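Structure file model-v5.cif (mmCIF, C-alpha atoms) follows.
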```cif
data_upload
#
loop_
_atom_site.group_PDB
_atom_site.id
_atom_site.type_symbol
_atom_site.label_atom_id
_atom_site.label_comp_id
_atom_site.auth_asym_id
_atom_site.auth_seq_id
_atom_site.Cartn_x
_atom_site.Cartn_y
_atom_site.Cartn_z
ATOM 1 C CA MET G 1 -24.399 4.482 -16.299
ATOM 2 C CA LYS G 2 -21.093 2.873 -17.190
ATOM 3 C CA PHE G 3 -19.262 1.252 -14.286
ATOM 4 C CA PRO G 4 -15.484 1.788 -14.197
ATOM 5 C CA GLY G 5 -13.249 -1.048 -15.346
ATOM 6 C CA ILE G 6 -10.605 -2.795 -13.256
ATOM 7 C CA PRO G 7 -6.880 -2.366 -14.000
ATOM 8 C CA GLU G 8 -5.166 -5.504 -15.270
ATOM 9 C CA ASN G 9 -2.704 -5.390 -12.363
ATOM 10 C CA GLU G 10 -5.394 -4.784 -9.735
ATOM 11 C CA GLU G 11 -4.082 -7.210 -7.091
ATOM 12 C CA GLU G 12 -0.539 -5.886 -7.350
ATOM 13 C CA ARG G 13 -1.883 -2.322 -7.339
ATOM 14 C CA LEU G 14 -3.865 -2.974 -4.174
ATOM 15 C CA LYS G 15 -0.884 -4.630 -2.498
ATOM 16 C CA SER G 16 1.212 -1.517 -3.140
ATOM 17 C CA LEU G 17 -1.589 0.771 -1.998
ATOM 18 C CA TYR G 18 -2.025 -1.099 1.288
ATOM 19 C CA LEU G 19 1.707 -1.182 1.943
ATOM 20 C CA ALA G 20 1.888 2.569 1.358
ATOM 21 C CA ASP G 21 -0.400 2.978 4.403
ATOM 22 C CA LEU G 22 -2.214 6.010 2.998
ATOM 23 C CA LEU G 23 -5.802 4.772 3.187
ATOM 24 C CA ASP G 24 -7.927 6.125 6.032
ATOM 25 C CA THR G 25 -5.532 8.986 6.706
ATOM 26 C CA ARG G 26 -6.827 12.530 6.711
ATOM 27 C CA ASP G 27 -5.990 16.105 7.691
ATOM 28 C CA ASP G 28 -2.466 15.905 6.283
ATOM 29 C CA GLU G 29 -1.430 19.489 5.593
ATOM 30 C CA ARG G 30 0.921 18.512 2.753
ATOM 31 C CA PHE G 31 -2.088 17.269 0.740
ATOM 32 C CA ASP G 32 -4.634 19.784 2.031
ATOM 33 C CA ARG G 33 -2.526 22.718 0.850
ATOM 34 C CA LEU G 34 -2.360 21.214 -2.636
ATOM 35 C CA THR G 35 -6.139 20.907 -2.887
ATOM 36 C CA ARG G 36 -6.540 24.499 -1.627
ATOM 37 C CA LEU G 37 -4.040 25.674 -4.228
ATOM 38 C CA ALA G 38 -5.757 23.742 -7.025
ATOM 39 C CA ARG G 39 -9.121 25.175 -6.015
ATOM 40 C CA ARG G 40 -7.772 28.727 -6.393
ATOM 41 C CA ILE G 41 -5.925 28.032 -9.658
ATOM 42 C CA PHE G 42 -8.841 26.373 -11.427
ATOM 43 C CA GLN G 43 -11.700 28.238 -9.730
ATOM 44 C CA VAL G 44 -13.695 25.103 -8.959
ATOM 45 C CA PRO G 45 -15.721 24.392 -5.801
ATOM 46 C CA VAL G 46 -14.333 20.886 -5.186
ATOM 47 C CA VAL G 47 -10.813 19.431 -5.388
ATOM 48 C CA LEU G 48 -10.005 15.913 -4.210
ATOM 49 C CA ILE G 49 -7.038 13.597 -3.892
ATOM 50 C CA SER G 50 -8.551 10.149 -4.093
ATOM 51 C CA LEU G 51 -7.245 6.658 -3.382
ATOM 52 C CA LEU G 52 -9.030 3.727 -5.008
ATOM 53 C CA ASP G 53 -9.472 0.773 -2.643
ATOM 54 C CA ARG G 54 -11.046 -2.504 -3.754
ATOM 55 C CA GLU G 55 -14.638 -1.319 -3.317
ATOM 56 C CA ARG G 56 -14.391 2.268 -2.137
ATOM 57 C CA GLN G 57 -12.835 5.597 -2.950
ATOM 58 C CA TRP G 58 -11.034 7.193 0.012
ATOM 59 C CA LEU G 59 -10.413 10.939 -0.121
ATOM 60 C CA ILE G 60 -7.062 11.605 1.510
ATOM 61 C CA ALA G 61 -7.606 15.324 0.883
ATOM 62 C CA CYS G 62 -10.975 16.882 0.333
ATOM 63 C CA GLU G 63 -11.580 20.560 -0.407
ATOM 64 C CA GLY G 64 -15.221 21.569 -0.774
ATOM 65 C CA LEU G 65 -16.898 18.219 -0.128
ATOM 66 C CA GLY G 66 -18.284 16.963 3.179
ATOM 67 C CA VAL G 67 -17.582 13.242 2.774
ATOM 68 C CA ARG G 68 -14.400 11.174 2.923
ATOM 69 C CA GLU G 69 -15.521 7.951 1.262
ATOM 70 C CA THR G 70 -17.709 6.975 -1.682
ATOM 71 C CA PRO G 71 -18.353 3.665 -3.493
ATOM 72 C CA ARG G 72 -15.759 2.951 -6.158
ATOM 73 C CA ASN G 73 -18.314 1.603 -8.632
ATOM 74 C CA ILE G 74 -19.930 5.018 -9.092
ATOM 75 C CA SER G 75 -16.732 7.064 -8.899
ATOM 76 C CA PHE G 76 -15.383 9.140 -11.780
ATOM 77 C CA CYS G 77 -11.882 8.467 -10.472
ATOM 78 C CA GLY G 78 -12.404 4.755 -11.103
ATOM 79 C CA HIS G 79 -12.460 5.656 -14.801
ATOM 80 C CA ALA G 80 -9.594 8.142 -14.509
ATOM 81 C CA ILE G 81 -7.078 5.626 -13.120
ATOM 82 C CA LEU G 82 -7.404 3.617 -16.326
ATOM 83 C CA GLN G 83 -6.003 6.553 -18.316
ATOM 84 C CA ASP G 84 -2.363 7.405 -18.978
ATOM 85 C CA GLY G 85 -3.158 11.086 -18.778
ATOM 86 C CA ALA G 86 -6.002 13.436 -17.937
ATOM 87 C CA PHE G 87 -9.598 12.205 -17.887
ATOM 88 C CA ILE G 88 -11.983 15.039 -18.727
ATOM 89 C CA VAL G 89 -15.788 15.133 -18.591
ATOM 90 C CA ASN G 90 -17.013 18.550 -19.713
ATOM 91 C CA ASP G 91 -20.710 17.987 -18.968
ATOM 92 C CA ALA G 92 -21.644 14.789 -17.144
ATOM 93 C CA SER G 93 -25.382 15.425 -17.549
ATOM 94 C CA VAL G 94 -25.159 14.722 -21.296
ATOM 95 C CA ASP G 95 -22.401 12.121 -21.156
ATOM 96 C CA GLU G 96 -23.813 8.617 -21.750
ATOM 97 C CA ARG G 97 -21.327 7.174 -19.222
ATOM 98 C CA PHE G 98 -22.434 9.436 -16.359
ATOM 99 C CA HIS G 99 -25.772 11.153 -17.035
ATOM 100 C CA ASP G 100 -27.640 8.838 -14.636
ATOM 101 C CA ASN G 101 -24.810 8.458 -12.114
ATOM 102 C CA PRO G 102 -26.056 9.197 -8.556
ATOM 103 C CA LEU G 103 -23.206 11.699 -8.122
ATOM 104 C CA VAL G 104 -24.650 13.577 -11.117
ATOM 105 C CA THR G 105 -28.373 13.262 -10.401
ATOM 106 C CA GLY G 106 -27.796 13.943 -6.680
ATOM 107 C CA GLU G 107 -25.169 15.468 -4.385
ATOM 108 C CA PRO G 108 -22.679 16.840 -5.295
ATOM 109 C CA TYR G 109 -24.388 17.262 -8.736
ATOM 110 C CA ILE G 110 -21.222 16.803 -10.774
ATOM 111 C CA ARG G 111 -21.215 18.379 -14.195
ATOM 112 C CA PHE G 112 -17.529 19.014 -14.876
ATOM 113 C CA TYR G 113 -14.789 16.552 -13.861
ATOM 114 C CA ALA G 114 -11.055 16.594 -14.582
ATOM 115 C CA GLY G 115 -8.855 13.935 -13.022
ATOM 116 C CA TYR G 116 -5.188 13.067 -13.383
ATOM 117 C CA PRO G 117 -3.832 9.702 -12.146
ATOM 118 C CA VAL G 118 -1.341 9.776 -9.271
ATOM 119 C CA HIS G 119 1.153 6.955 -8.760
ATOM 120 C CA LEU G 120 2.965 5.403 -5.830
ATOM 121 C CA PRO G 121 6.779 5.317 -5.790
ATOM 122 C CA ASP G 122 6.787 1.828 -7.367
ATOM 123 C CA GLY G 123 4.735 3.098 -10.311
ATOM 124 C CA LYS G 124 1.375 1.579 -9.333
ATOM 125 C CA VAL G 125 -1.558 3.948 -9.711
ATOM 126 C CA ALA G 126 -3.082 4.944 -6.373
ATOM 127 C CA GLY G 127 -5.884 7.294 -7.364
ATOM 128 C CA THR G 128 -6.259 10.789 -8.780
ATOM 129 C CA LEU G 129 -6.017 14.478 -8.223
ATOM 130 C CA CYS G 130 -9.367 15.690 -9.493
ATOM 131 C CA LEU G 131 -11.408 18.843 -10.004
ATOM 132 C CA ILE G 132 -15.216 18.997 -9.801
ATOM 133 C CA HIS G 133 -17.697 21.716 -10.705
ATOM 134 C CA ILE G 134 -21.495 21.863 -10.581
ATOM 135 C CA LEU G 135 -21.447 23.688 -13.932
ATOM 136 C CA PRO G 136 -20.200 22.441 -17.309
ATOM 137 C CA ARG G 137 -16.922 23.953 -18.459
ATOM 138 C CA SER G 138 -14.117 23.546 -20.953
ATOM 139 C CA PHE G 139 -10.585 22.454 -20.079
ATOM 140 C CA ASN G 140 -7.782 23.332 -22.470
ATOM 141 C CA ASP G 141 -4.267 21.969 -22.954
ATOM 142 C CA GLU G 142 -2.770 24.596 -20.656
ATOM 143 C CA ASP G 143 -5.205 23.589 -17.924
ATOM 144 C CA ILE G 144 -4.279 19.928 -18.396
ATOM 145 C CA ALA G 145 -0.576 20.771 -18.113
ATOM 146 C CA SER G 146 -1.180 22.613 -14.821
ATOM 147 C CA LEU G 147 -3.257 19.739 -13.444
ATOM 148 C CA LYS G 148 -0.486 17.324 -14.444
ATOM 149 C CA ASP G 149 2.113 19.433 -12.606
ATOM 150 C CA LEU G 150 0.037 19.369 -9.416
ATOM 151 C CA ALA G 151 -0.515 15.612 -9.757
ATOM 152 C CA PHE G 152 3.250 15.119 -9.991
ATOM 153 C CA ILE G 153 3.663 17.136 -6.785
ATOM 154 C CA VAL G 154 1.223 14.741 -5.095
ATOM 155 C CA GLU G 155 3.423 11.876 -6.299
ATOM 156 C CA ASP G 156 6.487 13.650 -4.892
ATOM 157 C CA GLU G 157 4.778 13.734 -1.494
ATOM 158 C CA PHE G 158 4.009 10.012 -1.768
ATOM 159 C CA GLN G 159 7.723 9.514 -2.483
ATOM 160 C CA VAL G 160 8.775 11.480 0.625
ATOM 161 C CA ILE G 161 6.397 9.510 2.829
ATOM 162 C CA GLY G 162 7.555 6.242 1.284
ATOM 163 C CA MET G 163 11.240 7.024 1.791
ATOM 164 C CA ALA G 164 10.694 7.618 5.499
ATOM 165 C CA MET G 165 8.927 4.269 5.885
ATOM 166 C CA THR G 166 11.005 2.117 3.510
ATOM 167 C CA ASP G 167 14.241 0.218 4.004
ATOM 168 C CA SER G 168 16.636 1.678 1.451
ATOM 169 C CA LEU G 169 18.434 -1.625 0.788
ATOM 170 C CA THR G 170 15.541 -4.049 0.398
ATOM 171 C CA GLY G 171 12.649 -1.825 -0.652
ATOM 172 C CA ILE G 172 10.229 -3.258 1.920
ATOM 173 C CA ALA G 173 9.066 -1.432 5.057
ATOM 174 C CA ASN G 174 11.722 -0.468 7.569
ATOM 175 C CA ARG G 175 11.158 -0.849 11.319
ATOM 176 C CA ARG G 176 9.335 2.486 11.539
ATOM 177 C CA GLY G 177 7.167 1.685 8.536
ATOM 178 C CA PHE G 178 6.309 -1.808 9.762
ATOM 179 C CA TYR G 179 5.296 -0.570 13.205
ATOM 180 C CA ARG G 180 3.253 2.311 11.797
ATOM 181 C CA THR G 181 1.298 0.152 9.368
ATOM 182 C CA GLY G 182 1.257 -2.917 11.607
ATOM 183 C CA GLU G 183 -0.189 -1.078 14.584
ATOM 184 C CA LYS G 184 -3.090 0.141 12.439
ATOM 185 C CA ARG G 185 -3.699 -3.385 11.152
ATOM 186 C CA PHE G 186 -3.429 -4.755 14.698
ATOM 187 C CA ARG G 187 -6.064 -2.345 16.054
ATOM 188 C CA THR G 188 -8.451 -2.848 13.152
ATOM 189 C CA LEU G 189 -8.258 -6.647 13.169
ATOM 190 C CA THR G 190 -8.501 -6.833 16.957
ATOM 191 C CA GLU G 191 -11.548 -4.553 17.018
ATOM 192 C CA ARG G 192 -13.204 -6.757 14.387
ATOM 193 C CA ASN G 193 -12.224 -9.897 16.299
ATOM 194 C CA THR G 194 -10.501 -11.165 13.146
ATOM 195 C CA PRO G 195 -7.780 -13.787 13.738
ATOM 196 C CA PHE G 196 -4.394 -12.920 12.225
ATOM 197 C CA SER G 197 -0.776 -14.046 12.468
ATOM 198 C CA LEU G 198 2.647 -12.521 13.026
ATOM 199 C CA ILE G 199 5.789 -14.290 11.812
ATOM 200 C CA PHE G 200 9.263 -13.245 12.982
ATOM 201 C CA PHE G 201 12.176 -14.287 10.736
ATOM 202 C CA ASP G 202 15.922 -14.402 11.336
ATOM 203 C CA LEU G 203 18.401 -15.572 8.700
ATOM 204 C CA ASP G 204 20.530 -18.538 9.727
ATOM 205 C CA LYS G 205 24.336 -18.300 9.475
ATOM 206 C CA PHE G 206 24.163 -14.864 7.929
ATOM 207 C CA LYS G 207 27.352 -13.543 9.542
ATOM 208 C CA PRO G 208 29.592 -16.154 7.833
ATOM 209 C CA ILE G 209 28.253 -15.002 4.452
ATOM 210 C CA ASN G 210 29.424 -11.457 5.211
ATOM 211 C CA ASP G 211 32.730 -12.689 6.639
ATOM 212 C CA LEU G 212 33.591 -15.144 3.844
ATOM 213 C CA TRP G 213 32.129 -13.512 0.728
ATOM 214 C CA GLY G 214 31.834 -9.857 1.707
ATOM 215 C CA HIS G 215 29.091 -7.421 2.685
ATOM 216 C CA ALA G 216 27.953 -6.913 -0.896
ATOM 217 C CA GLU G 217 27.056 -10.597 -1.007
ATOM 218 C CA GLY G 218 25.329 -10.280 2.370
ATOM 219 C CA ASP G 219 23.319 -7.335 1.043
ATOM 220 C CA GLU G 220 22.281 -9.459 -1.926
ATOM 221 C CA VAL G 221 20.986 -12.150 0.447
ATOM 222 C CA LEU G 222 18.912 -9.570 2.314
ATOM 223 C CA LYS G 223 17.452 -8.257 -0.958
ATOM 224 C CA VAL G 224 16.630 -11.734 -2.244
ATOM 225 C CA PHE G 225 14.928 -12.788 0.975
ATOM 226 C CA SER G 226 12.984 -9.523 1.202
ATOM 227 C CA GLY G 227 11.867 -9.924 -2.398
ATOM 228 C CA LEU G 228 10.554 -13.402 -1.667
ATOM 229 C CA LEU G 229 8.679 -12.168 1.415
ATOM 230 C CA PHE G 230 7.041 -9.457 -0.661
ATOM 231 C CA GLN G 231 6.300 -11.766 -3.578
ATOM 232 C CA PHE G 232 4.055 -14.041 -1.539
ATOM 233 C CA LEU G 233 2.173 -11.356 0.382
ATOM 234 C CA LYS G 234 -1.514 -10.857 -0.338
ATOM 235 C CA PRO G 235 -3.188 -7.425 -0.342
ATOM 236 C CA GLY G 236 -3.480 -6.282 3.271
ATOM 237 C CA ASP G 237 -0.483 -8.304 4.502
ATOM 238 C CA ILE G 238 2.722 -6.431 5.390
ATOM 239 C CA ALA G 239 6.399 -7.310 5.627
ATOM 240 C CA GLY G 240 9.241 -5.333 7.126
ATOM 241 C CA ARG G 241 12.945 -5.461 7.835
ATOM 242 C CA LEU G 242 13.222 -4.734 11.544
ATOM 243 C CA GLY G 243 17.000 -4.499 11.477
ATOM 244 C CA GLY G 244 20.049 -6.471 10.370
ATOM 245 C CA ASP G 245 18.848 -9.869 9.219
ATOM 246 C CA GLU G 246 15.575 -9.759 11.161
ATOM 247 C CA PHE G 247 12.224 -9.519 9.399
ATOM 248 C CA ALA G 248 8.557 -9.651 10.357
ATOM 249 C CA VAL G 249 5.394 -10.398 8.398
ATOM 250 C CA LEU G 250 1.820 -9.723 9.494
ATOM 251 C CA ILE G 251 -0.684 -12.013 7.759
ATOM 252 C CA THR G 252 -4.120 -10.462 8.025
ATOM 253 C CA THR G 253 -6.026 -13.675 7.327
ATOM 254 C CA ARG G 254 -5.176 -16.508 9.708
ATOM 255 C CA SER G 255 -6.018 -19.172 7.129
ATOM 256 C CA SER G 256 -3.417 -17.725 4.732
ATOM 257 C CA THR G 257 -0.487 -18.198 7.116
ATOM 258 C CA GLU G 258 0.404 -21.757 6.151
ATOM 259 C CA ASP G 259 -0.010 -20.966 2.459
ATOM 260 C CA PHE G 260 2.417 -18.066 2.833
ATOM 261 C CA LEU G 261 4.981 -20.176 4.698
ATOM 262 C CA HIS G 262 4.785 -23.007 2.171
ATOM 263 C CA ALA G 263 5.156 -20.586 -0.740
ATOM 264 C CA LEU G 264 8.123 -18.900 0.932
ATOM 265 C CA ARG G 265 9.813 -22.234 1.622
ATOM 266 C CA ARG G 266 9.390 -23.273 -2.004
ATOM 267 C CA GLY G 267 10.674 -19.925 -3.192
ATOM 268 C CA VAL G 268 13.802 -20.074 -1.027
ATOM 269 C CA ASP G 269 14.489 -23.702 -1.981
ATOM 270 C CA ASP G 270 14.103 -22.873 -5.657
ATOM 271 C CA TYR G 271 16.486 -19.928 -5.338
ATOM 272 C CA ASN G 272 19.079 -22.031 -3.508
ATOM 273 C CA GLN G 273 18.878 -24.710 -6.172
ATOM 274 C CA LYS G 274 19.307 -22.321 -9.112
ATOM 275 C CA SER G 275 21.504 -19.522 -7.716
ATOM 276 C CA GLY G 276 24.880 -21.205 -8.128
ATOM 277 C CA LYS G 277 26.028 -19.538 -4.905
ATOM 278 C CA PRO G 278 28.515 -21.277 -2.586
ATOM 279 C CA TYR G 279 25.980 -20.987 0.240
ATOM 280 C CA ASN G 280 22.252 -21.461 0.826
ATOM 281 C CA ILE G 281 19.798 -18.951 2.233
ATOM 282 C CA ASN G 282 18.206 -20.429 5.360
ATOM 283 C CA TYR G 283 16.044 -18.929 8.045
ATOM 284 C CA SER G 284 14.293 -19.586 11.344
ATOM 285 C CA SER G 285 10.823 -18.305 12.121
ATOM 286 C CA GLY G 286 8.563 -17.793 15.103
ATOM 287 C CA ILE G 287 4.808 -17.785 14.503
ATOM 288 C CA LEU G 288 2.104 -16.337 16.743
ATOM 289 C CA HIS G 289 -1.636 -16.332 16.103
ATOM 290 C CA ASN G 290 -3.760 -13.610 17.641
ATOM 291 C CA ASP G 291 -7.138 -15.177 18.300
ATOM 292 C CA GLN G 292 -9.844 -13.222 20.163
ATOM 293 C CA GLY G 293 -7.492 -10.481 21.327
ATOM 294 C CA GLN G 294 -4.947 -12.808 22.904
ATOM 295 C CA TYR G 295 -2.250 -10.108 22.692
ATOM 296 C CA SER G 296 -2.596 -6.514 23.824
ATOM 297 C CA SER G 297 -0.289 -4.852 21.296
ATOM 298 C CA LEU G 298 1.731 -5.399 18.154
ATOM 299 C CA ASP G 299 4.913 -4.812 20.116
ATOM 300 C CA GLU G 300 4.007 -7.650 22.489
ATOM 301 C CA MET G 301 3.438 -9.985 19.540
ATOM 302 C CA ILE G 302 6.763 -9.029 17.949
ATOM 303 C CA LYS G 303 8.683 -9.647 21.174
ATOM 304 C CA LYS G 304 7.027 -12.992 21.842
ATOM 305 C CA SER G 305 7.379 -14.182 18.237
ATOM 306 C CA ASP G 306 11.064 -13.222 18.459
ATOM 307 C CA GLU G 307 11.362 -15.486 21.511
ATOM 308 C CA VAL G 308 9.636 -18.333 19.659
ATOM 309 C CA MET G 309 11.976 -17.863 16.699
ATOM 310 C CA TYR G 310 15.084 -18.076 18.875
ATOM 311 C CA SER G 311 13.776 -21.226 20.501
ATOM 312 C CA VAL G 312 13.506 -22.737 17.020
ATOM 313 C CA LYS G 313 17.000 -21.529 16.126
ATOM 314 C CA ARG G 314 18.527 -23.011 19.296
ATOM 315 C CA ARG G 315 16.947 -26.395 18.597
ATOM 316 C CA LYS G 316 18.563 -26.360 15.138
ATOM 317 C CA GLN G 317 21.972 -25.897 16.750
ATOM 318 C CA LEU G 318 21.654 -28.857 19.127
#
```
Step by step, read the file and then write its structure as C-alpha cells.
Amino acid sequence: MKFPGIPENEEERLKSLYLADLLDTRDDERFDRLTRLARRIFQVPVVLISLLDRERQWLIACEGLGVRETPRNISFCGHAILQDGAFIVNDASVDERFHDNPLVTGEPYIRFYAGYPVHLPDGKVAGTLCLIHILPRSFNDEDIASLKDLAFIVEDEFQVIGMAMTDSLTGIANRRGFYRTGEKRFRTLTERNTPFSLIFFDLDKFKPINDLWGHAEGDEVLKVFSGLLFQFLKPGDIAGRLGGDEFAVLITTRSSTEDFLHALRRGVDDYNQKSGKPYNINYSSGILHNDQGQYSSLDEMIKKSDEVMYSVKRRKQL
C-alpha cells in the first residue's frame, strides 16, 4: 500500500481549514443534497465530501457510508488532494497503490474511486468530492467534467459560508465568525482540560489616524494589523475583528502565547520602521489564561480580557 503524500503547504492549508470551521460539522443540507444528487447522476452507492485534517479524514457529507471519520493515512482522498484535477482509480484491487489497503480488503470494499479536490475561498485545498463503488468501472471525460462541476458547487458553498463569517475589510473572522469558531474551541479545550489563552487587542490612537489622514489610511492600518495577527497564528488558533479597531485571538496552546506576542511585537515594529508612514501602529492588549476551567464561557473571557486591556491602555495614558 502506498501512503498519501503531504502537500508542500500543509501547515498553511491546515490553518485555513481550521479557520474555516468546517471540521466536525454534519447534517448540513446544502452539502447533503449535493451528495444525493451526485449519487443519482453517477449511479454509485457512496458519495462523500471529505475534509483532510492532520491525521484524519472528516466526512462533512456522507451518502451511503455509515462512518464520519477515517484515518488520513489510508484514505484515497489523501492522494486526490495532491492532484490539480480528478483522481481516478478504476479498479483498486489491481492497483499497486491500493490493492492491500484496508478500505479495499475490508469495508467498504472500494474498487472504483473518483475524487475531485475542493478548495477553500483562499485557494487552499480542503478535501474532495468523491465517488465510490464496490465494482470496477470506467470514468470518461464527460464524467470528469460533471464531477468537476459538482466540486465547484461545493466550493461555492464554502464561499457563502466564509462570507458570512469573514470581515470583508480585513479578511479575518468577523465577530460572528470568531464567536462561532471560538465557542467550539472553548468547549473542546475545556472538556479536555487543556490550558489556552485569549488576547484582546485595541489599537492605540486609531481615531487620529482617521481624522488626520483619512479613513482609507485607517482601513489600511486595520488590514495591516489583521494580516500580522493572521501571519503568526498556528493551526488551531483563531483571530477575529470584533468591531472597529478591536480584535481578539484565541491561542489553543498556552505555551505558544508568549511566542505569538513576541512575534507580533516584532512584526509591528518592523512594519513601523519600514512603512514610511507619518504614524506608527500601536496597540494595547489584555491577556487571560484559562487553566482548569477557570472561566465558564468564551463570552466571559472576552469581556474580562477587554477589561484587562483597558486597564493597560489607561496606564499608558498616565
Which one of G:Thr188, G:Ser275, G:Ser197, G:Thr257 sits closest to G:Val221 if you count all atoms listed in the file?
-> G:Ser275
As a tab-separated table (two decimals) with C-alpha atoms, keeping the file's coordinate frame, please: the residues near stretch 18-30 of chain G (cut-off 6 Å, all atoms listed in the file, same-chain neighbours under 6 positions excluded).
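Generated file (part.tsv):
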```
chain	number	residue	atom	x	y	z
G	60	ILE	CA	-7.06	11.60	1.51
G	181	THR	CA	1.30	0.15	9.37
G	236	GLY	CA	-3.48	-6.28	3.27
```
What gap, in Å, lies between atom CA of G:Tyr179 and atom CA of G:Leu120?
->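 So the answer is 20.1 Å.
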Using all atoms listed in the file, pick whichever of G:Leu131, G:Leu189, G:Val160, G:Ile199 has the shortest atom-to-atom distance to G:Gln294.
->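 For G:Gln294, the nearest of the candidates is G:Leu189.
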With only C-alpha atoms counted, which protein, DNA or RNA residues have an atom no more than 6 Å from (-2.0, -4.1, 19.6) in the file frame? Please answer as a VMD selection string.
-> chain G and resid 186 to 187 296 to 298
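For the set G:Tyr279, G:Ser93, G:Gly267, G:Thr105, the residue with the smallest atom-to-atom gap to G:Pro208 is G:Tyr279, counting only C-alpha atoms.
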Expansion of the PyMOL selection byres ((chain G and resi 222-233) around 10) into residues, as a count of residues only | 48
Expected selection from the PyMOL selection byres ((chain G and resi 141-155) around 7), given as a ChimeraX atom specification = /G:86,116,118-120,129,139-140,156-159
List, as a PDB file with C-alpha atoms, in the frame of the given file, every residue that the PyMOL selection byres ((chain G and resi 72) around 7) selects in the file provided.
```pdb
ATOM      1  CA  LEU G  52      -9.030   3.727  -5.008  1.00  0.00           C
ATOM      2  CA  GLU G  55     -14.638  -1.319  -3.317  1.00  0.00           C
ATOM      3  CA  ARG G  56     -14.391   2.268  -2.137  1.00  0.00           C
ATOM      4  CA  GLN G  57     -12.835   5.597  -2.950  1.00  0.00           C
ATOM      5  CA  THR G  70     -17.709   6.975  -1.682  1.00  0.00           C
ATOM      6  CA  PRO G  71     -18.353   3.665  -3.493  1.00  0.00           C
ATOM      7  CA  ASN G  73     -18.314   1.603  -8.632  1.00  0.00           C
ATOM      8  CA  ILE G  74     -19.930   5.018  -9.092  1.00  0.00           C
ATOM      9  CA  SER G  75     -16.732   7.064  -8.899  1.00  0.00           C
ATOM     10  CA  GLY G  78     -12.404   4.755 -11.103  1.00  0.00           C
TER      11      GLY G  78
END
```
Can you work out the spacing between atom CA of G:Phe196 and atom CA of G:Gly293 in Å, to one decimal?
-> 9.9 Å
Have a look at G:Arg254, G:Lys316, G:Arg180, G:Lys274 and name the one nearest to G:Asp299; count only C-alpha atoms.
-> G:Arg180
Which residues come within 6 Å of stretch 304-314 of chain G, counting only C-alpha atoms, excluding same-chain residues fewer than 2 positions away, as a ChimeraX atom specification?
-> /G:200,284-288,301-302,316-317
Selection near G:Leu103, 10 Å with all atoms listed in the file, sequence-local residues under 4 positions removed, as a list in words =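 Here the answer would be Thr70, Ile74, Ser75, Phe76, Ala92, Phe98, His99, Glu107, Pro108, Tyr109, Ile110 and Arg111 of chain G.
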Let me have the centre and edge lengths of the axis-aligned box enclosing all listed atoms of stretch 88-103 of chain G with 5 Å padding on every side, in Å to one decimal, as AutoDock Vina command-line options.
```
--center_x -19.8 --center_y 12.9 --center_z -14.9 --size_x 25.7 --size_y 21.4 --size_z 23.6
```
May I have the residues within 6 Å of G:Trp58 as a ChimeraX atom specification, using only C-alpha atoms and disregarding those fewer than 3 positions away in the same chain?
-> /G:50-51,68-69
Give the answer as one residue: which of G:Asp91, G:Glu183, G:Asp84, G:Asp32 has the shortest atom-to-atom distance to G:Glu63, using only C-alpha atoms?
->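 Closest to G:Glu63 of all the choices is G:Asp32.
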How far is it from atom CA of G:Arg185 to atom CA of G:Ser168, in Å with one decimal?
-> 23.1 Å
